[in-house]
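J.: For reference, the file coords_22.txt (compact mmCIF, C-alpha atoms) is included below:
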```txt
# COMPACT_ATOMS: atom_id res chain seq x y z
CA MET A 1 -13.45 -6.17 -29.95
CA SER A 2 -15.03 -8.79 -32.18
CA GLY A 3 -17.63 -11.08 -30.70
CA PHE A 4 -19.25 -8.47 -28.48
CA VAL A 5 -23.04 -8.41 -28.64
CA LEU A 6 -25.08 -6.11 -26.40
CA ASP A 7 -27.36 -8.04 -24.05
CA PRO A 8 -30.92 -7.87 -25.45
CA ARG A 9 -32.36 -6.68 -22.13
CA LEU A 10 -29.90 -3.78 -22.01
CA ALA A 11 -30.67 -3.07 -25.65
CA ALA A 12 -34.41 -2.99 -24.90
CA ASP A 13 -34.14 -0.59 -21.94
CA THR A 14 -31.57 1.84 -23.32
CA LEU A 15 -30.81 4.03 -26.31
CA PRO A 16 -27.43 4.32 -28.05
CA VAL A 17 -25.48 7.48 -27.24
CA ALA A 18 -21.86 7.06 -28.30
CA GLU A 19 -19.05 4.58 -28.70
CA LEU A 20 -16.27 5.48 -26.26
CA ALA A 21 -12.85 3.84 -26.51
CA GLN A 22 -13.81 0.97 -24.20
CA CYS A 23 -17.54 1.20 -23.64
CA SER A 24 -20.77 1.57 -25.50
CA LEU A 25 -22.43 4.53 -23.81
CA ARG A 26 -26.20 4.07 -23.53
CA LEU A 27 -29.03 6.17 -22.10
CA MET A 28 -31.71 4.54 -19.94
CA ASP A 29 -35.03 5.22 -21.66
CA ASP A 30 -36.61 6.52 -18.46
CA ASP A 31 -37.78 10.06 -17.88
CA ARG A 32 -37.65 9.63 -14.08
CA PHE A 33 -33.86 9.69 -14.01
CA MET A 34 -31.00 11.04 -16.11
CA TRP A 35 -29.29 7.65 -16.23
CA ALA A 36 -26.35 6.49 -18.31
CA VAL A 37 -25.12 2.93 -18.74
CA LEU A 38 -21.60 2.07 -19.87
CA VAL A 39 -21.13 -1.36 -21.40
CA PRO A 40 -17.51 -2.40 -21.98
CA ARG A 41 -17.25 -4.06 -25.40
CA ILE A 42 -15.59 -7.17 -23.98
CA PRO A 43 -17.22 -10.49 -24.87
CA GLY A 44 -18.09 -12.49 -21.77
CA ALA A 45 -17.03 -9.86 -19.21
CA THR A 46 -19.06 -9.87 -16.00
CA GLU A 47 -16.83 -8.38 -13.28
CA LEU A 48 -14.64 -5.27 -13.37
CA HIS A 49 -12.15 -6.75 -10.92
CA SER A 50 -11.51 -9.72 -13.25
CA LEU A 51 -10.27 -7.54 -16.11
CA ALA A 52 -6.63 -6.74 -16.74
CA PRO A 53 -5.81 -3.72 -14.54
CA ASP A 54 -5.02 -1.36 -17.42
CA LEU A 55 -8.29 -2.20 -19.14
CA ARG A 56 -10.23 -1.84 -15.91
CA ARG A 57 -8.64 1.55 -15.29
CA ALA A 58 -9.53 2.72 -18.78
CA ILE A 59 -13.15 1.77 -18.10
CA ASP A 60 -13.05 3.49 -14.69
CA ASP A 61 -11.79 6.63 -16.48
CA GLU A 62 -14.77 6.53 -18.84
CA VAL A 63 -17.14 6.07 -15.91
CA ALA A 64 -15.62 9.14 -14.22
CA MET A 65 -15.89 11.15 -17.44
CA VAL A 66 -19.57 10.33 -17.78
CA ALA A 67 -20.19 10.97 -14.08
CA ALA A 68 -18.60 14.43 -14.34
CA ARG A 69 -20.86 15.24 -17.26
CA LEU A 70 -24.00 13.97 -15.54
CA ALA A 71 -23.14 16.07 -12.50
CA GLN A 72 -23.77 19.08 -14.79
CA TRP A 73 -27.31 17.94 -15.62
CA PRO A 74 -29.64 20.65 -14.25
CA GLY A 75 -30.72 20.04 -10.68
CA THR A 76 -28.31 17.20 -9.97
CA LEU A 77 -27.37 16.85 -6.31
CA LYS A 78 -25.51 13.53 -6.23
CA ILE A 79 -24.11 11.01 -8.67
CA ASN A 80 -24.87 7.35 -8.03
CA THR A 81 -22.72 4.71 -9.69
CA GLY A 82 -23.23 1.00 -9.51
CA ALA A 83 -22.21 -2.27 -11.10
CA LEU A 84 -24.66 -4.97 -10.06
CA GLY A 85 -25.35 -7.53 -12.77
CA ASN A 86 -27.61 -9.74 -10.69
CA ILE A 87 -30.22 -9.85 -13.46
CA VAL A 88 -28.25 -8.96 -16.60
CA ARG A 89 -24.87 -10.64 -16.18
CA GLN A 90 -23.12 -8.78 -19.03
CA LEU A 91 -20.77 -6.24 -17.41
CA HIS A 92 -22.39 -2.81 -17.33
CA ILE A 93 -21.92 0.22 -15.10
CA HIS A 94 -24.75 2.56 -14.17
CA VAL A 95 -24.18 6.29 -13.66
CA VAL A 96 -27.25 8.17 -12.49
CA ALA A 97 -27.89 11.84 -11.72
CA ARG A 98 -29.93 12.07 -8.54
CA HIS A 99 -31.79 14.87 -6.80
CA GLU A 100 -33.85 15.17 -3.63
CA GLY A 101 -37.39 14.17 -4.31
CA ASP A 102 -36.66 12.13 -7.43
CA ALA A 103 -38.76 9.01 -7.96
CA ALA A 104 -36.53 6.79 -5.80
CA TRP A 105 -34.87 9.30 -3.44
CA PRO A 106 -32.98 8.55 -1.23
CA GLY A 107 -33.08 4.87 -2.19
CA PRO A 108 -31.33 3.27 -5.15
CA VAL A 109 -32.80 3.49 -8.64
CA TRP A 110 -32.34 -0.23 -9.25
CA GLY A 111 -35.55 -2.13 -8.73
CA SER A 112 -37.50 1.06 -8.05
CA GLY A 113 -40.82 1.30 -9.82
CA SER A 114 -41.31 1.17 -13.57
CA ARG A 115 -39.41 2.77 -16.38
CA GLN A 116 -41.23 5.72 -18.00
CA PRO A 117 -40.09 6.02 -21.60
CA LEU A 118 -38.70 9.33 -22.85
CA SER A 119 -40.39 11.38 -25.50
CA PRO A 120 -38.46 11.84 -28.76
CA VAL A 121 -37.60 15.41 -27.71
CA GLN A 122 -36.28 14.22 -24.33
CA GLN A 123 -34.30 11.46 -25.99
CA ALA A 124 -32.60 13.91 -28.33
CA GLU A 125 -31.85 16.37 -25.52
CA ARG A 126 -30.29 13.72 -23.30
CA VAL A 127 -28.32 11.98 -26.02
CA ASP A 128 -26.94 15.36 -27.09
CA PHE A 129 -25.97 16.17 -23.50
CA LEU A 130 -23.87 13.01 -23.33
CA GLN A 131 -21.72 13.59 -26.38
CA PHE A 132 -17.94 13.83 -25.90
CA ASP A 133 -15.40 15.20 -28.35
CA MET B 1 -4.65 12.83 5.57
CA SER B 2 -5.29 15.11 8.53
CA GLY B 3 -8.81 16.34 9.14
CA PHE B 4 -10.55 13.15 8.06
CA VAL B 5 -13.25 11.94 10.43
CA LEU B 6 -15.39 8.91 9.62
CA ASP B 7 -19.07 9.80 9.31
CA PRO B 8 -20.83 8.69 12.53
CA ARG B 9 -23.52 6.78 10.62
CA LEU B 10 -20.88 4.78 8.77
CA ALA B 11 -19.07 4.24 12.06
CA ALA B 12 -22.26 2.95 13.66
CA ASP B 13 -23.10 0.46 10.89
CA THR B 14 -19.63 -0.93 10.21
CA LEU B 15 -16.60 -2.45 11.90
CA PRO B 16 -12.97 -1.51 11.25
CA VAL B 17 -11.04 -4.00 9.11
CA ALA B 18 -7.85 -2.37 7.84
CA GLU B 19 -6.28 0.88 6.75
CA LEU B 20 -5.41 0.63 3.05
CA ALA B 21 -3.21 3.23 1.40
CA GLN B 22 -6.17 5.42 0.41
CA CYS B 23 -9.21 4.01 2.17
CA SER B 24 -10.39 2.86 5.54
CA LEU B 25 -11.72 -0.61 4.87
CA ARG B 26 -14.82 -1.38 6.95
CA LEU B 27 -17.14 -4.36 7.26
CA MET B 28 -20.90 -3.88 7.32
CA ASP B 29 -22.14 -5.36 10.59
CA ASP B 30 -24.84 -7.40 8.84
CA ASP B 31 -24.97 -11.18 8.70
CA ARG B 32 -27.26 -11.12 5.66
CA PHE B 33 -24.46 -10.03 3.33
CA MET B 34 -20.69 -10.20 3.16
CA TRP B 35 -20.36 -6.48 2.60
CA ALA B 36 -17.30 -4.25 2.62
CA VAL B 37 -17.23 -0.45 2.59
CA LEU B 38 -14.21 1.56 1.50
CA VAL B 39 -14.00 5.11 2.80
CA PRO B 40 -11.27 7.26 1.23
CA ARG B 41 -9.55 9.25 3.97
CA ILE B 42 -10.13 12.55 2.17
CA PRO B 43 -11.81 15.29 4.19
CA GLY B 44 -14.90 16.61 2.45
CA ALA B 45 -14.84 14.19 -0.50
CA THR B 46 -18.26 13.24 -1.86
CA GLU B 47 -17.78 12.21 -5.50
CA LEU B 48 -15.13 9.95 -7.06
CA HIS B 49 -15.20 11.85 -10.34
CA SER B 50 -14.26 15.10 -8.56
CA LEU B 51 -10.96 13.72 -7.25
CA ALA B 52 -7.63 14.13 -9.00
CA PRO B 53 -7.42 11.31 -11.56
CA ASP B 54 -4.39 9.60 -9.97
CA LEU B 55 -6.06 9.60 -6.57
CA ARG B 56 -9.31 8.31 -8.01
CA ARG B 57 -7.46 5.51 -9.82
CA ALA B 58 -5.68 4.51 -6.62
CA ILE B 59 -9.07 4.23 -4.92
CA ASP B 60 -10.49 2.28 -7.87
CA ASP B 61 -7.54 -0.12 -7.52
CA GLU B 62 -8.38 -0.69 -3.85
CA VAL B 63 -12.03 -1.29 -4.73
CA ALA B 64 -10.97 -3.90 -7.30
CA MET B 65 -8.63 -5.56 -4.79
CA VAL B 66 -11.41 -5.87 -2.23
CA ALA B 67 -13.88 -7.05 -4.88
CA ALA B 68 -11.50 -9.80 -5.99
CA ARG B 69 -11.18 -10.97 -2.39
CA LEU B 70 -14.94 -10.90 -1.77
CA ALA B 71 -15.47 -12.96 -4.93
CA GLN B 72 -13.65 -15.75 -3.05
CA TRP B 73 -16.12 -15.67 -0.16
CA PRO B 74 -17.85 -19.09 -0.13
CA GLY B 75 -20.97 -19.22 -2.28
CA THR B 76 -20.47 -15.86 -3.97
CA LEU B 77 -22.05 -15.63 -7.42
CA LYS B 78 -21.74 -11.92 -8.23
CA ILE B 79 -20.01 -8.85 -6.85
CA ASN B 80 -22.07 -5.68 -6.53
CA THR B 81 -20.30 -2.35 -6.22
CA GLY B 82 -21.90 1.00 -5.68
CA ALA B 83 -21.20 4.55 -4.67
CA LEU B 84 -24.46 6.26 -3.77
CA GLY B 85 -24.15 8.76 -0.93
CA ASN B 86 -27.74 9.94 -0.98
CA ILE B 87 -28.06 9.54 2.78
CA VAL B 88 -24.46 9.63 4.02
CA ARG B 89 -22.72 12.18 1.84
CA GLN B 90 -19.14 11.28 2.87
CA LEU B 91 -17.59 9.41 -0.07
CA HIS B 92 -17.78 5.66 0.46
CA ILE B 93 -17.84 2.70 -1.91
CA HIS B 94 -19.78 -0.47 -1.22
CA VAL B 95 -18.53 -3.88 -2.36
CA VAL B 96 -20.94 -6.71 -1.67
CA ALA B 97 -20.76 -10.48 -2.28
CA ARG B 98 -24.10 -11.65 -3.62
CA HIS B 99 -25.66 -15.06 -4.19
CA GLU B 100 -28.97 -16.31 -5.51
CA GLY B 101 -31.50 -16.37 -2.73
CA ASP B 102 -29.72 -13.89 -0.47
CA ALA B 103 -31.93 -11.52 1.51
CA ALA B 104 -32.24 -8.96 -1.29
CA TRP B 105 -31.64 -11.07 -4.42
CA PRO B 106 -31.78 -10.01 -7.23
CA GLY B 107 -32.42 -6.46 -6.01
CA PRO B 108 -29.84 -4.10 -4.55
CA VAL B 109 -28.78 -4.39 -0.91
CA TRP B 110 -29.20 -0.67 -0.32
CA GLY B 111 -32.48 0.08 1.38
CA SER B 112 -33.36 -3.60 1.65
CA GLY B 113 -34.69 -4.65 5.04
CA SER B 114 -32.87 -4.29 8.33
CA ARG B 115 -29.29 -4.94 9.27
CA GLN B 116 -28.78 -8.10 11.33
CA PRO B 117 -25.69 -7.66 13.48
CA LEU B 118 -22.92 -10.23 13.30
CA SER B 119 -21.96 -12.42 16.22
CA PRO B 120 -18.44 -11.91 17.60
CA VAL B 121 -17.33 -15.14 15.88
CA GLN B 122 -18.73 -13.97 12.54
CA GLN B 123 -17.12 -10.58 12.96
CA ALA B 124 -13.72 -12.13 13.56
CA GLU B 125 -14.07 -14.52 10.62
CA ARG B 126 -15.05 -11.79 8.19
CA VAL B 127 -12.50 -9.25 9.37
CA ASP B 128 -9.80 -11.91 9.04
CA PHE B 129 -10.97 -12.77 5.51
CA LEU B 130 -10.49 -9.14 4.46
CA GLN B 131 -6.89 -8.74 5.55
CA PHE B 132 -4.29 -7.85 2.90
CA ASP B 133 -0.53 -8.11 3.23
```
Would you mind writing the structure in this file as structure tokens?

T.:
Amino acid sequence: MSGFVLDPRLAADTLPVAELAQCSLRLMDDDRFMWAVLVPRIPGATELHSLAPDLRRAIDDEVAMVAARLAQWPGTLKINTGALGNIVRQLHIHVVARHEGDAAWPGPVWGSGSRQPLSPVQQAERVDFLQFD
Amino acid sequence: MSGFVLDPRLAADTLPVAELAQCSLRLMDDDRFMWAVLVPRIPGATELHSLAPDLRRAIDDEVAMVAARLAQWPGTLKINTGALGNIVRQLHIHVVARHEGDAAWPGPVWGSGSRQPLSPVQQAERVDFLQFD
């Protein structure tokens, strides 16, 4: 969709992974968590429930697809998904692979500690893991 | 669906609101936040992405319906939705009406401070607000 520009704060914290049909799939640049962010390419969107139902369902399908993949990340015990937007208002959906004893367990990842950037090798491994045919 | 029993921790923290087609709709008994919880009546379910796609979409539709209603709660600035399940594994989806300066703003509600039970008048007002025809 023309007119979509990724929020600069999301751009700064994440790495590009893939362009899905509805969303830009991004990887949080944080070695503490295997953490994907889906950003629907819809200018001005802030709330999933405000979208046309078919569009919202297509986004929900992409979230589920990414969640199913992240559930296969080694050691994953539980998937956490969230759409908050209290700080960055541009609509974005978090999908995070969690395990007991991770840096925020059992609390939420949002607002927990400081991001620890990935090494280039980790970046490549994680981006590769999140590719879809 | 037979065999479904609400997790006792969810039962203890929430009040019954309504039975939707897929989910038990509950209200968090917390005057700090207008906070709904949807619990799909599916025995053993823990992850949305593991459900059959049509069932998952029906649940996503109910989440969006509740979110749209909560967005009308006076003073609401942003809806937060989340499915975590790190502590209570039974599948449940949170939908929370947020505003600047609320007790956790701009952080997540999960793990933030202590629940402040609603008065009977508040309970009735909020349960009534969350009724659907």

J.: With the cut-off set at 8 Å and counting all atoms listed in the file, tabulate each residue of chain A with an atom at most that distance from an atom of chain B, showing the nearest atom pair and its distance in Å to one decimal, ordered by chain and increasing number, as a tab-separated table.

T.:
```
residue	atom	partner	partner_atom	distance
A:Glu47	CA	B:Ile79	CA	7.2
A:Leu48	CA	B:Ala64	CA	7.2
A:His49	CA	B:Ala64	CA	4.8
A:Ser50	CA	B:Ala68	CA	7.3
A:Arg57	CA	B:Arg57	CA	6.9
A:Asp60	CA	B:Asp60	CA	7.4
A:Ala64	CA	B:His49	CA	4.8
A:Met65	CA	B:His49	CA	7.2
A:Ala67	CA	B:His49	CA	6.3
A:Ala68	CA	B:His49	CA	5.8
A:Lys78	CA	B:Asn86	CA	6.7
A:Ile79	CA	B:Leu84	CA	6.8
A:Asn80	CA	B:Leu84	CA	4.4
A:Thr81	CA	B:Ala83	CA	5.2
A:Gly82	CA	B:Gly82	CA	4.1
A:Ala83	CA	B:Thr81	CA	5.2
A:Leu84	CA	B:Asn80	CA	4.4
A:Gly85	CA	B:Lys78	CA	7.3
A:Asn86	CA	B:Pro106	CA	5.4
A:Ile87	CA	B:Pro106	CA	6.4
A:Trp105	CA	B:Asn86	CA	7.6
A:Pro106	CA	B:Asn86	CA	5.4
A:Gly107	CA	B:Gly111	CA	6.0
A:Pro108	CA	B:Trp110	CA	6.6
A:Trp110	CA	B:Pro108	CA	6.6
A:Gly111	CA	B:Gly107	CA	6.0
```

J.: At what distance in Å, to one decimal, does CA of Leu38 in chain A lie from CA of Val37 in chain B?

T.: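 So the answer is 23.0 Å.
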
J.: Which residues, written as a ChimeraX atom specification, have at least one atom at most 8 Å from Arg115 in chain B, with only C-alpha atoms counted and residues fewer than 5 positions away on the same chain left out?

T.: /B:29-32

J.: Could the residues in this selection be saved with C-alpha atoms as a PDB file, in the frame of the given file?

T.:
```pdb
ATOM      1  CA  ASP B  29     -22.140  -5.360  10.590  1.00  0.00           C
ATOM      2  CA  ASP B  30     -24.840  -7.400   8.840  1.00  0.00           C
ATOM      3  CA  ASP B  31     -24.970 -11.180   8.700  1.00  0.00           C
ATOM      4  CA  ARG B  32     -27.260 -11.120   5.660  1.00  0.00           C
TER       5      ARG B  32
END
```

J.: Excluding range 2-13 of chain A and any residue of its chain fewer than 4 positions from it, enumerate the residues within 8 Å of it, using all atoms listed in the file, and give them as a ChimeraX atom specification.

T.: /A:28-29,39,41-44,88,90

J.: Which of these, A:Trp73, A:Leu15, A:Phe33, A:Arg26, has the shortest distance to Gly113 in chain A once you count all atoms listed in the file?

T.: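 Closest residue, counting all atoms listed in the file: A:Phe33.
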
J.: Hey, can you check how far CA of Asp54 in chain A sits from CA of Ser24 in chain A?

T.: 17.9 Å

J.: Interatomic distance between CA of Ala97 in chain A and CA of Thr76 in chain A?

T.: 5.7 Å

J.: Hey, which of A:Leu130, A:Ala103, A:Leu70, A:Ala21 ends up closest to Gln116 in chain A? Count all atoms listed in the file.

T.: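 Residue with the minimum atom-to-atom distance to Gln116 in chain A: A:Ala103.
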
J.: Return the single residue from B:Pro74, B:Leu55, B:Thr14, B:Pro40 that is closest to Phe129 in chain B, with distances computed using all atoms listed in the file.

T.: B:Pro74

J.: So that I can check the surroundings of Ala18 in chain B, please list as JSON, numbers by chain every protein, DNA and RNA residue that reaches within 9 Å of it, counting only C-alpha atoms and ignoring chain neighbours fewer than 2 positions away.

T.: {"B": [16, 20, 23, 24, 25, 26, 127, 130, 131, 132]}
